[in-house]
Every structure is written in structure tokens, then in C-alpha cells.
$ cat run_16.pdb   # PDB, C-alpha atoms
ATOM      1  CA  MET A 574       0.000   0.000   0.000
ATOM      2  CA  ASN A 575       1.384   3.415  -0.924
ATOM      3  CA  ARG A 576       0.767   5.448   2.207
ATOM      4  CA  ALA A 577       2.751   8.452   0.990
ATOM      5  CA  ALA A 578       0.193   9.315  -1.702
ATOM      6  CA  LYS A 579      -2.666   9.586   0.772
ATOM      7  CA  PRO A 580      -3.753  12.459   2.982
ATOM      8  CA  LEU A 581      -3.019  12.204   6.697
ATOM      9  CA  GLN A 582      -4.871   9.145   7.966
ATOM     10  CA  VAL A 583      -5.865   9.265  11.606
ATOM     11  CA  TYR A 584      -7.286   6.718  14.030
ATOM     12  CA  VAL A 585      -8.936   7.921  17.262
ATOM     13  CA  VAL A 586      -9.136   5.925  20.516
ATOM     14  CA  GLU A 587     -11.488   7.949  22.698
ATOM     15  CA  ASP A 588     -14.496   7.164  24.889
ATOM     16  CA  SER A 589     -16.027  10.646  24.864
ATOM     17  CA  ASP A 590     -18.434  11.266  21.959
ATOM     18  CA  ILE A 591     -17.863  15.001  22.265
ATOM     19  CA  ILE A 592     -14.070  14.816  22.079
ATOM     20  CA  ARG A 593     -14.291  12.270  19.242
ATOM     21  CA  ARG A 594     -16.545  14.644  17.283
ATOM     22  CA  LEU A 595     -14.227  17.561  17.959
ATOM     23  CA  LEU A 596     -11.180  15.585  16.774
ATOM     24  CA  THR A 597     -13.012  14.316  13.694
ATOM     25  CA  SER A 598     -13.940  17.877  12.749
ATOM     26  CA  ALA A 599     -10.325  19.026  13.286
ATOM     27  CA  ILE A 600      -8.942  16.145  11.196
ATOM     28  CA  GLU A 601     -11.328  16.853   8.306
ATOM     29  CA  SER A 602     -10.736  20.624   8.466
ATOM     30  CA  ALA A 603      -7.000  19.968   8.224
ATOM     31  CA  GLY A 604      -7.519  17.881   5.066
ATOM     32  CA  GLY A 605      -6.909  14.591   6.839
ATOM     33  CA  GLU A 606      -9.038  11.485   6.944
ATOM     34  CA  LEU A 607     -10.467   9.652   9.956
ATOM     35  CA  VAL A 608      -9.874   5.973   9.114
ATOM     36  CA  GLY A 609     -11.428   4.585  12.274
ATOM     37  CA  ALA A 610     -12.301   5.125  15.903
ATOM     38  CA  ALA A 611     -12.924   3.044  19.000
ATOM     39  CA  ASP A 612     -14.052   3.737  22.554
ATOM     40  CA  ASN A 613     -12.221   0.736  24.045
ATOM     41  CA  ALA A 614      -8.739  -0.773  23.876
ATOM     42  CA  GLN A 615      -9.687  -4.203  22.532
ATOM     43  CA  GLN A 616     -11.607  -2.861  19.530
ATOM     44  CA  ALA A 617      -8.845  -0.349  18.798
ATOM     45  CA  ILE A 618      -6.110  -3.017  18.804
ATOM     46  CA  ARG A 619      -8.222  -5.343  16.635
ATOM     47  CA  GLN A 620      -8.936  -2.620  14.072
ATOM     48  CA  LEU A 621      -5.388  -1.266  14.080
ATOM     49  CA  GLN A 622      -4.129  -4.712  13.022
ATOM     50  CA  GLN A 623      -5.933  -4.098   9.712
ATOM     51  CA  LEU A 624      -5.158  -0.400   9.287
ATOM     52  CA  GLU A 625      -2.071   1.687   8.609
ATOM     53  CA  PRO A 626      -2.853   5.160   9.960
ATOM     54  CA  HIS A 627      -0.145   7.798  10.085
ATOM     55  CA  LEU A 628      -1.383   9.219  13.391
ATOM     56  CA  ILE A 629      -3.183   7.603  16.337
ATOM     57  CA  LEU A 630      -4.788   9.828  18.992
ATOM     58  CA  ILE A 631      -5.212   7.932  22.249
ATOM     59  CA  ASP A 632      -7.121   8.717  25.432
ATOM     60  CA  LEU A 633      -5.954   6.843  28.527
ATOM     61  CA  VAL A 634      -9.394   6.296  30.108
ATOM     62  CA  LEU A 635     -11.623   4.174  27.860
ATOM     63  CA  THR A 636     -14.931   2.327  28.257
ATOM     64  CA  SER A 637     -12.881  -0.852  28.732
ATOM     65  CA  GLY A 638      -9.159  -1.353  28.825
ATOM     66  CA  SER A 639      -6.874   1.659  28.728
ATOM     67  CA  GLY A 640      -4.802   3.719  26.352
ATOM     68  CA  PHE A 641      -1.701   2.073  27.827
ATOM     69  CA  GLU A 642      -2.817  -1.261  26.334
ATOM     70  CA  VAL A 643      -3.105   0.378  22.916
ATOM     71  CA  LEU A 644       0.356   1.949  23.260
ATOM     72  CA  ASP A 645       1.772  -1.409  24.334
ATOM     73  CA  ALA A 646       0.259  -3.093  21.262
ATOM     74  CA  LEU A 647       1.789  -0.412  19.040
ATOM     75  CA  GLN A 648       5.189  -0.829  20.650
ATOM     76  CA  THR A 649       5.444  -4.581  21.099
ATOM     77  CA  GLY A 650       2.606  -6.107  19.102
ATOM     78  CA  GLY A 651       3.673  -4.990  15.646
ATOM     79  CA  VAL A 652       0.399  -3.104  15.229
ATOM     80  CA  ALA A 653       0.180  -0.011  12.948
ATOM     81  CA  ARG A 654       3.956   0.151  12.468
ATOM     82  CA  GLY A 655       5.308   3.614  11.747
ATOM     83  CA  ALA A 656       2.257   5.429  13.123
ATOM     84  CA  VAL A 657       2.813   8.407  15.415
ATOM     85  CA  GLY A 658       1.118   7.732  18.771
ATOM     86  CA  VAL A 659      -0.237  10.776  20.565
ATOM     87  CA  VAL A 660      -1.819  10.657  24.021
ATOM     88  CA  PHE A 661      -4.627  13.185  24.543
ATOM     89  CA  THR A 662      -6.034  12.825  28.043
ATOM     90  CA  ASN A 663      -7.241  14.312  31.314
ATOM     91  CA  HIS A 664      -5.108  11.739  33.203
ATOM     92  CA  THR A 665      -2.024  13.853  33.542
ATOM     93  CA  THR A 666       0.015  12.697  36.512
ATOM     94  CA  THR A 667       3.776  12.496  36.058
ATOM     95  CA  GLU A 668       3.433   8.709  36.172
ATOM     96  CA  ASP A 669       0.846   8.718  33.335
ATOM     97  CA  ARG A 670       3.079  10.942  31.218
ATOM     98  CA  GLU A 671       6.254   8.925  31.845
ATOM     99  CA  ARG A 672       4.525   5.586  31.265
ATOM    100  CA  SER A 673       3.015   6.860  28.001
ATOM    101  CA  LEU A 674       6.369   8.086  26.706
ATOM    102  CA  LEU A 675       8.035   4.855  27.814
ATOM    103  CA  LEU A 676       5.425   2.925  25.804
ATOM    104  CA  GLY A 677       6.375   4.890  22.703
ATOM    105  CA  ALA A 678       3.989   7.861  22.647
ATOM    106  CA  SER A 679       5.571  10.657  20.618
ATOM    107  CA  TYR A 680       3.522  13.392  22.300
ATOM    108  CA  PHE A 681       1.491  13.713  25.502
ATOM    109  CA  PHE A 682      -1.170  16.438  25.616
ATOM    110  CA  ASP A 683      -3.326  17.482  28.575
ATOM    111  CA  LYS A 684      -6.903  17.888  27.304
ATOM    112  CA  SER A 685      -7.662  20.648  29.776
ATOM    113  CA  THR A 686      -4.704  22.883  28.899
ATOM    114  CA  GLN A 687      -3.194  21.679  25.613
ATOM    115  CA  GLY A 688      -6.195  21.101  23.354
ATOM    116  CA  ARG A 689      -5.050  23.782  20.942
ATOM    117  CA  GLN A 690      -1.539  22.270  20.703
ATOM    118  CA  ALA A 691      -3.046  18.869  19.876
ATOM    119  CA  LEU A 692      -5.120  20.388  17.050
ATOM    120  CA  GLU A 693      -2.070  22.297  15.804
ATOM    121  CA  LEU A 694      -0.134  19.026  15.601
ATOM    122  CA  ILE A 695      -2.919  17.517  13.457
ATOM    123  CA  ASN A 696      -2.797  20.588  11.177
ATOM    124  CA  LYS A 697       0.995  20.445  10.936
ATOM    125  CA  MET A 698       1.105  16.719  10.128
ATOM    126  CA  ALA A 699      -1.710  17.075   7.565
ATOM    127  CA  ALA A 700       0.069  20.005   5.895
ATOM    128  CA  GLU A 701       3.339  18.073   5.782
ATOM    129  CA  ARG A 702       1.628  15.144   4.081
ATOM    130  CA  GLN A 703      -0.130  17.415   1.592
ATOM    131  CA  GLY A 704       3.220  18.988   0.751
ATOM    132  CA  ARG A 705       4.778  15.586   0.268
ATOM    133  CA  THR A 706       1.858  14.337  -1.837
ATOM    134  CA  SER A 707       1.817  17.408  -4.114
ATOM    135  CA  MET A 708       5.542  16.971  -4.846
ATOM    136  CA  ARG A 709       4.902  13.552  -6.392
TER     137      ARG A 709
ATOM    138  CA  MET B 929     -12.934   7.187  45.009
ATOM    139  CA  GLU B 930     -15.654   4.989  43.515
ATOM    140  CA  LEU B 931     -15.091   3.997  39.895
ATOM    141  CA  GLY B 932     -18.488   5.383  38.871
ATOM    142  CA  VAL B 933     -17.733   8.757  40.435
ATOM    143  CA  SER B 934     -14.345   9.122  38.784
ATOM    144  CA  ARG B 935     -15.781   8.000  35.420
ATOM    145  CA  GLU B 936     -18.484  10.686  35.609
ATOM    146  CA  LEU B 937     -15.917  13.280  36.679
ATOM    147  CA  TYR B 938     -13.818  12.446  33.616
ATOM    148  CA  LYS B 939     -16.927  12.891  31.448
ATOM    149  CA  VAL B 940     -17.368  16.368  32.930
ATOM    150  CA  MET B 941     -13.694  17.168  32.284
ATOM    151  CA  ASP B 942     -13.909  15.870  28.691
ATOM    152  CA  ALA B 943     -16.981  18.012  28.042
ATOM    153  CA  LEU B 944     -15.362  21.117  29.527
ATOM    154  CA  ALA B 945     -12.138  20.497  27.568
ATOM    155  CA  ALA B 946     -14.167  20.272  24.331
ATOM    156  CA  LEU B 947     -16.069  23.418  25.256
ATOM    157  CA  LYS B 948     -12.831  25.297  25.902
ATOM    158  CA  ILE B 949     -11.476  24.300  22.481
ATOM    159  CA  ASP B 950     -14.763  25.163  20.740
ATOM    160  CA  LEU B 951     -14.824  28.584  22.392
ATOM    161  CA  GLU B 952     -11.150  29.185  21.522
ATOM    162  CA  CYS B 953     -10.488  30.680  24.948
ATOM    163  CA  GLU B 954      -6.695  30.881  24.579
ATOM    164  CA  PRO B 955      -5.523  34.431  25.220
ATOM    165  CA  HIS B 956      -3.278  34.549  22.131
ATOM    166  CA  ILE B 957      -6.291  34.261  19.798
ATOM    167  CA  PRO B 958      -7.282  37.773  18.621
ATOM    168  CA  GLY B 959     -10.696  39.056  19.677
ATOM    169  CA  ASP B 960     -11.991  39.449  16.120
ATOM    170  CA  ALA B 961     -11.348  35.741  15.537
ATOM    171  CA  LEU B 962     -13.714  34.798  18.354
ATOM    172  CA  VAL B 963     -16.778  34.287  16.152
ATOM    173  CA  LEU B 964     -18.540  30.982  16.712
ATOM    174  CA  SER B 965     -19.977  29.149  13.729
ATOM    175  CA  ALA B 966     -23.368  27.465  14.070
ATOM    176  CA  THR B 967     -21.619  24.086  14.209
ATOM    177  CA  LYS B 968     -19.272  25.168  16.978
ATOM    178  CA  SER B 969     -22.147  26.778  18.894
ATOM    179  CA  ARG B 970     -24.089  23.517  18.704
ATOM    180  CA  ASP B 971     -21.012  21.520  19.739
ATOM    181  CA  ALA B 972     -20.509  23.905  22.670
ATOM    182  CA  CYS B 973     -24.152  23.421  23.747
ATOM    183  CA  ALA B 974     -23.757  19.626  23.440
ATOM    184  CA  ALA B 975     -20.623  19.809  25.612
ATOM    185  CA  LEU B 976     -22.505  21.781  28.278
ATOM    186  CA  ALA B 977     -25.416  19.322  28.163
ATOM    187  CA  SER B 978     -23.011  16.395  28.543
ATOM    188  CA  ALA B 979     -21.272  18.013  31.520
ATOM    189  CA  MET B 980     -24.617  18.727  33.190
ATOM    190  CA  THR B 981     -25.846  15.157  32.639
ATOM    191  CA  ALA B 982     -22.649  13.760  34.149
ATOM    192  CA  MET B 983     -22.878  16.134  37.123
ATOM    193  CA  LYS B 984     -26.510  15.158  37.733
ATOM    194  CA  LYS B 985     -25.397  11.521  37.915
ATOM    195  CA  LEU B 986     -22.651  12.503  40.330
ATOM    196  CA  VAL B 987     -24.934  14.070  42.926
ATOM    197  CA  PRO B 988     -26.738  10.879  44.039
ATOM    198  CA  MET B 989     -23.441   8.948  43.864
ATOM    199  CA  LEU B 990     -21.774  11.436  46.208
ATOM    200  CA  ASP B 991     -24.848  11.495  48.444
ATOM    201  CA  GLY B 992     -24.880   7.696  48.513
ATOM    202  CA  LYS B 993     -28.393   7.610  47.017
ATOM    203  CA  PRO B 994     -29.544   5.835  43.860
ATOM    204  CA  GLY B 995     -29.880   8.045  40.747
ATOM    205  CA  ARG B 996     -33.199   9.679  39.975
TER     206      ARG B 996
END
$ encode --input "run_16.pdb" --output "C-alpha cells"
Amino acid sequence: MNRAAKPLQVYVVEDSDIIRRLLTSAIESAGGELVGAADNAQQAIRQLQQLEPHLILIDLVLTSGSGFEVLDALQTGGVARGAVGVVFTNHTTTEDRERSLLLGASYFFDKSTQGRQALELINKMAAERQGRTSMR
Amino acid sequence: MELGVSRELYKVMDALAALKIDLECEPHIPGDALVLSATKSRDACAALASAMTAMKKLVPMLDGKPGR
């Protein structure tokens, strides 16, 4: 599959309908594509075995399982290789942050104070992919 | 803290975080950019409704009474 010729493909692991809708709107506004979403870890891991998103946005608190399980599957389970894992959560203790980064998260954003930065990252990654695609 | 209580509290926090982003409250955003589209206004109202629903569920949990 030629991933480079596609717009930014994003998968969202999030149990809040409102946050999921907000992220979907941000992804589409940036010119990206939401390739899937799940509100629990098991469904996310199962779907990510079939998908090759460029970016995965992960909440830590889910309806079942946790974002840590998803990060672990990305790091050790050979799932969605090459995807950038980004934690976007209200669970923001030092331990949560360190564990997320240890499990391979590239970024860790606090929903309550860094929402704008998370959306800016989506915009930046989408723009980078559009630039790369238009050069081909 | 009971699992149900913390889960509802996280729902409130998620709703408020979404509301904050929809309202573009960050101080570096210029005032003339603070115009809400109909979609964002509706999303903001949905976020408030979600927070209120979660808080209503919290009251009986914190009081130790079953939900109404």
C-alpha cells in the first residue's frame, strides 16, 4: 500500500463522543481522513491490526481497557507500524506521562490545557503530508 | 474514590475540555477571531449538556443515594 500518496490518515481511541466529534472535525478541516475510531482498547487493537494510519490519537481512560494497552500493542505487538502515537487525556500525573512516553507515545497532551496544541499538531502533520503528496 | 464517580468526573472534564477548544479561549487568539460558527455553537451546547448530565449523575453517587 502506498501510504505516501494519501492524505493524513488518523485513528482515534477515545471514549467521549464530544471529544471524538471535535477531533473528527479538526482532522477533516485539516484535510486529513479519519480511518477509524474506537471507545475501548480491545476494539482499537483489533482494528489497528488491519489499518495503517499515520497518526493515532489515544485517550488513557476508555470504556474498557486503557490507552496504555493500545500503546503497548503499538510498541510490542507490531500493530500499525510507523504510526505516530499521541496521548490526549485528562489523566495527567507524572506517572501517566512517563509511562506513556516509555510505551512509545511521541507526544502527551493534557486535554484541559493543551487542546489547541493537539489540534495544531494535526494541522501540521496534515500540511506536511499534503506537501509531500503534491511533490509527487 | 468509587469507579463510577471518577468516570463521571472524567466525562465532565472531557466536556469542559471540548467546550474550551470550541470557544477558543486561549488568550493569544485575537478578539476578532472569536466568532462561533453554528456548528461550533451547537457543539458547545452539546458539551454543556453532557457536563450537566454527568454532574446530575454525580450528585446521588456522592450522596450515597440511587440516581433519579
$ atom_distance --input "run_16.pdb" --atom1 "atom CA of A:Leu621" --atom2 "atom CA of A:Leu694"
21.0 Å
$ interface_residues --input "run_16.pdb" --of "chain B" --to "chain A" --cutoff "12 Å" --atoms "all atoms listed in the file" --output "PDB file with C-alpha atoms, in the coordinates of the input"
ATOM      1  CA  LEU B 931     -15.091   3.997  39.895  1.00  0.00           C
ATOM      2  CA  GLY B 932     -18.488   5.383  38.871  1.00  0.00           C
ATOM      3  CA  SER B 934     -14.345   9.122  38.784  1.00  0.00           C
ATOM      4  CA  ARG B 935     -15.781   8.000  35.420  1.00  0.00           C
ATOM      5  CA  GLU B 936     -18.484  10.686  35.609  1.00  0.00           C
ATOM      6  CA  LEU B 937     -15.917  13.280  36.679  1.00  0.00           C
ATOM      7  CA  TYR B 938     -13.818  12.446  33.616  1.00  0.00           C
ATOM      8  CA  LYS B 939     -16.927  12.891  31.448  1.00  0.00           C
ATOM      9  CA  VAL B 940     -17.368  16.368  32.930  1.00  0.00           C
ATOM     10  CA  MET B 941     -13.694  17.168  32.284  1.00  0.00           C
ATOM     11  CA  ASP B 942     -13.909  15.870  28.691  1.00  0.00           C
ATOM     12  CA  ALA B 943     -16.981  18.012  28.042  1.00  0.00           C
ATOM     13  CA  LEU B 944     -15.362  21.117  29.527  1.00  0.00           C
ATOM     14  CA  ALA B 945     -12.138  20.497  27.568  1.00  0.00           C
ATOM     15  CA  ALA B 946     -14.167  20.272  24.331  1.00  0.00           C
ATOM     16  CA  LEU B 947     -16.069  23.418  25.256  1.00  0.00           C
ATOM     17  CA  LYS B 948     -12.831  25.297  25.902  1.00  0.00           C
ATOM     18  CA  ILE B 949     -11.476  24.300  22.481  1.00  0.00           C
ATOM     19  CA  ASP B 950     -14.763  25.163  20.740  1.00  0.00           C
ATOM     20  CA  LEU B 951     -14.824  28.584  22.392  1.00  0.00           C
ATOM     21  CA  GLU B 952     -11.150  29.185  21.522  1.00  0.00           C
ATOM     22  CA  CYS B 953     -10.488  30.680  24.948  1.00  0.00           C
ATOM     23  CA  GLU B 954      -6.695  30.881  24.579  1.00  0.00           C
ATOM     24  CA  PRO B 955      -5.523  34.431  25.220  1.00  0.00           C
ATOM     25  CA  HIS B 956      -3.278  34.549  22.131  1.00  0.00           C
ATOM     26  CA  ILE B 957      -6.291  34.261  19.798  1.00  0.00           C
ATOM     27  CA  THR B 967     -21.619  24.086  14.209  1.00  0.00           C
ATOM     28  CA  LYS B 968     -19.272  25.168  16.978  1.00  0.00           C
ATOM     29  CA  ARG B 970     -24.089  23.517  18.704  1.00  0.00           C
ATOM     30  CA  ASP B 971     -21.012  21.520  19.739  1.00  0.00           C
ATOM     31  CA  ALA B 972     -20.509  23.905  22.670  1.00  0.00           C
ATOM     32  CA  CYS B 973     -24.152  23.421  23.747  1.00  0.00           C
ATOM     33  CA  ALA B 974     -23.757  19.626  23.440  1.00  0.00           C
ATOM     34  CA  ALA B 975     -20.623  19.809  25.612  1.00  0.00           C
ATOM     35  CA  LEU B 976     -22.505  21.781  28.278  1.00  0.00           C
ATOM     36  CA  ALA B 977     -25.416  19.322  28.163  1.00  0.00           C
ATOM     37  CA  SER B 978     -23.011  16.395  28.543  1.00  0.00           C
ATOM     38  CA  ALA B 979     -21.272  18.013  31.520  1.00  0.00           C
ATOM     39  CA  ALA B 982     -22.649  13.760  34.149  1.00  0.00           C
TER      40      ALA B 982
END
$ residues_near_point --input "run_16.pdb" --point "(0.6, -0.7, 13.5)" --cutoff "9 Å" --atoms "all atoms listed in the file" --output "ChimeraX atom specification"
/A:618,621-626,646-648,650-656
$ residues_around --input "run_16.pdb" --residues "A:Asn696" --least-positions-apart "3" --cutoff "12 Å" --atoms "only C-alpha atoms" --output "tab-separated table (two decimals) with C-alpha atoms, in the coordinates of the input"
chain	number	residue	atom	x	y	z
A	580	PRO	CA	-3.75	12.46	2.98
A	581	LEU	CA	-3.02	12.20	6.70
A	583	VAL	CA	-5.86	9.26	11.61
A	596	LEU	CA	-11.18	15.58	16.77
A	598	SER	CA	-13.94	17.88	12.75
A	599	ALA	CA	-10.32	19.03	13.29
A	600	ILE	CA	-8.94	16.14	11.20
A	601	GLU	CA	-11.33	16.85	8.31
A	602	SER	CA	-10.74	20.62	8.47
A	603	ALA	CA	-7.00	19.97	8.22
A	604	GLY	CA	-7.52	17.88	5.07
A	605	GLY	CA	-6.91	14.59	6.84
A	606	GLU	CA	-9.04	11.48	6.94
A	628	LEU	CA	-1.38	9.22	13.39
A	689	ARG	CA	-5.05	23.78	20.94
A	690	GLN	CA	-1.54	22.27	20.70
A	691	ALA	CA	-3.05	18.87	19.88
A	692	LEU	CA	-5.12	20.39	17.05
A	693	GLU	CA	-2.07	22.30	15.80
A	699	ALA	CA	-1.71	17.08	7.56
A	700	ALA	CA	0.07	20.00	5.90
A	701	GLU	CA	3.34	18.07	5.78
A	702	ARG	CA	1.63	15.14	4.08
A	703	GLN	CA	-0.13	17.42	1.59
$ atom_distance --input "run_16.pdb" --atom1 "atom CA of B:Met980" --atom2 "atom CA of A:Tyr584"
28.5 Å
$ resolve_selection --input "run_16.pdb" --expression "the PyMOL selection byres ((chain A and resi 609) around 8)" --output "VMD selection string"
chain A and resid 583 to 585 607 to 608 610 to 611 620
$ atom_distance --input "run_16.pdb" --atom1 "atom CA of A:Arg619" --atom2 "atom CA of A:Lys697"
28.0 Å
$ residues_around --input "run_16.pdb" --residues "A:Phe641" --least-positions-apart "4" --cutoff "8 Å" --atoms "all atoms listed in the file" --output "VMD selection string"
chain A and resid 633 645 672 to 673 676
$ closest_residue --input "run_16.pdb" --among "A:Asp612, A:Asp632, A:Glu587, A:Glu642" --to "A:Thr665" --atoms "all atoms listed in the file"
A:Asp632
